[in-house]
$ cat upload-v5.tsv   # TSV, C-alpha atoms
chain	number	residue	atom	x	y	z
A	22	ARG	CA	111.00	92.32	90.72
A	23	GLY	CA	114.60	92.97	91.67
A	24	CYS	CA	113.90	94.56	95.04
A	25	ALA	CA	116.17	94.00	98.00
A	26	VAL	CA	113.82	92.84	100.77
A	27	LEU	CA	115.19	93.90	104.14
A	28	SER	CA	112.48	92.41	106.36
A	29	PRO	CA	113.35	89.17	108.14
A	30	ARG	CA	112.26	86.19	106.07
A	31	GLY	CA	113.31	83.23	108.18
A	32	PRO	CA	111.11	80.63	109.83
A	33	GLY	CA	108.98	82.20	112.54
A	34	GLU	CA	109.88	85.75	111.46
A	35	GLY	CA	106.72	86.53	109.47
A	36	SER	CA	105.31	90.04	109.64
A	37	GLY	CA	102.70	92.20	107.98
A	38	ILE	CA	105.35	94.84	107.36
A	39	VAL	CA	107.75	94.71	104.43
A	40	SER	CA	110.79	96.96	104.05
A	41	PHE	CA	112.67	97.02	100.77
A	42	ARG	CA	114.93	99.00	98.45
A	43	VAL	CA	114.97	99.14	94.68
A	44	PRO	CA	118.61	99.21	93.53
A	45	GLY	CA	119.47	102.44	91.76
A	46	HIS	CA	116.38	104.29	93.01
A	47	PRO	CA	116.71	106.41	96.16
A	48	SER	CA	114.05	105.39	98.66
A	49	PRO	CA	112.93	108.97	99.49
A	50	ALA	CA	112.16	109.62	95.81
A	51	LEU	CA	110.45	106.26	95.45
A	52	VAL	CA	108.27	106.92	98.51
A	53	ALA	CA	107.28	110.32	97.07
A	54	ALA	CA	106.45	108.79	93.69
A	55	LEU	CA	104.34	106.00	95.19
A	56	ARG	CA	102.48	108.46	97.43
A	57	SER	CA	101.76	110.68	94.41
A	58	HIS	CA	99.90	107.67	92.97
A	59	GLY	CA	97.90	107.19	96.15
A	60	VAL	CA	99.94	104.28	97.49
A	61	VAL	CA	100.43	104.51	101.24
A	62	VAL	CA	104.06	103.77	102.11
A	63	SER	CA	106.59	105.32	104.46
A	64	LEU	CA	110.29	105.92	104.60
A	65	CYS	CA	112.04	103.88	107.27
A	66	GLY	CA	115.74	104.74	107.38
A	67	ASP	CA	116.83	104.27	103.79
A	68	ALA	CA	114.10	101.79	102.89
A	69	VAL	CA	110.52	101.85	101.68
A	70	ARG	CA	108.11	100.42	104.25
A	71	VAL	CA	104.73	99.01	103.29
A	72	SER	CA	102.20	97.30	105.52
A	73	PRO	CA	100.03	95.07	103.34
A	74	HIS	CA	97.46	93.39	105.54
A	75	PHE	CA	94.21	91.49	105.45
A	76	TYR	CA	92.35	94.71	104.64
A	77	ASN	CA	94.24	95.29	101.39
A	78	ALA	CA	92.72	93.90	98.23
A	79	GLU	CA	94.96	91.85	95.98
A	80	ALA	CA	94.50	94.52	93.29
A	81	GLU	CA	96.04	97.11	95.64
A	82	ILE	CA	99.15	94.97	96.11
A	83	ASP	CA	99.36	94.42	92.35
A	84	ARG	CA	99.14	98.18	91.83
A	85	LEU	CA	102.06	98.78	94.19
A	86	LEU	CA	104.13	96.18	92.35
A	87	ASP	CA	103.19	97.63	88.95
A	88	LEU	CA	104.36	101.08	90.06
A	89	LEU	CA	107.80	99.92	91.20
A	90	PRO	CA	110.57	100.85	88.79
A	91	ALA	CA	112.95	98.28	87.42
A	92	PRO	CA	116.25	98.14	89.30
A	93	ALA	CA	118.97	100.23	87.71
A	94	CYS	CA	121.99	98.22	86.64
$ encode --input "upload-v5.tsv" --output "structure tokens"
Amino acid sequence: RGCAVLSPRGPGEGSGIVSFRVPGHPSPALVAALRSHGVVVSLCGDAVRVSPHFYNAEAEIDRLLDLLPAPAC
């Protein structure tokens, strides 16, 4: 989707927390927009932080992804 994933992704570094940025979209504005649609995320530094876990339905994750804007070029 063009996001810059900031969370560690190496072997043995798995986590239920994902931090990312969408190029060309300020994270504070993106967090506000997602929250306005009922998506629970937080601002962590200059990144969007989401904690998708076992208790989230696949449709909820899909909704988050559908709401993300395309990266600005």
$ residues_around --input "upload-v5.tsv" --residues "Gly59 (chain A)" --least-positions-apart "5" --cutoff "10 Å" --atoms "all atoms listed in the file" --output "PyMOL selection string"
chain A and resi 53-54+85
$ atom_distance --input "upload-v5.tsv" --atom1 "CA of Asn77 (chain A)" --atom2 "CA of Val43 (chain A)"
22.1 Å
$ residues_around --input "upload-v5.tsv" --residues "His74 (chain A)" --least-positions-apart "3" --cutoff "9 Å" --atoms "only C-alpha atoms" --output "PyMOL selection string"
chain A and resi 37-38+77-78
$ closest_residue --input "upload-v5.tsv" --among "A:Phe75, A:Gly31, A:Gly23, A:Val60" --to "Gly45 (chain A)" --atoms "only C-alpha atoms"
A:Gly23
$ atom_distance --input "upload-v5.tsv" --atom1 "CA of Phe41 (chain A)" --atom2 "CA of Ile82 (chain A)"
14.4 Å
$ atom_distance --input "upload-v5.tsv" --atom1 "CA of Arg30 (chain A)" --atom2 "CA of Ser57 (chain A)"
29.1 Å
$ residues_around --input "upload-v5.tsv" --residues "Ala68 (chain A)" --least-positions-apart "5" --cutoff "9 Å" --atoms "all atoms listed in the file" --output "JSON, numbers by chain"
{"A": [27, 40, 41, 42, 43, 47, 48, 49, 52, 63]}
$ closest_residue --input "upload-v5.tsv" --among "A:Val61, A:Val69, A:Leu55, A:Ala50" --to "Asp87 (chain A)" --atoms "all atoms listed in the file"
A:Leu55
$ closest_residue --input "upload-v5.tsv" --among "A:Leu88, A:Asp83, A:Gly35, A:Cys24" --to "Arg56 (chain A)" --atoms "only C-alpha atoms"
A:Leu88
$ closest_residue --input "upload-v5.tsv" --among "A:Ser72, A:Ala93, A:Val62, A:Glu79" --to "Ser28 (chain A)" --atoms "all atoms listed in the file"
A:Ser72
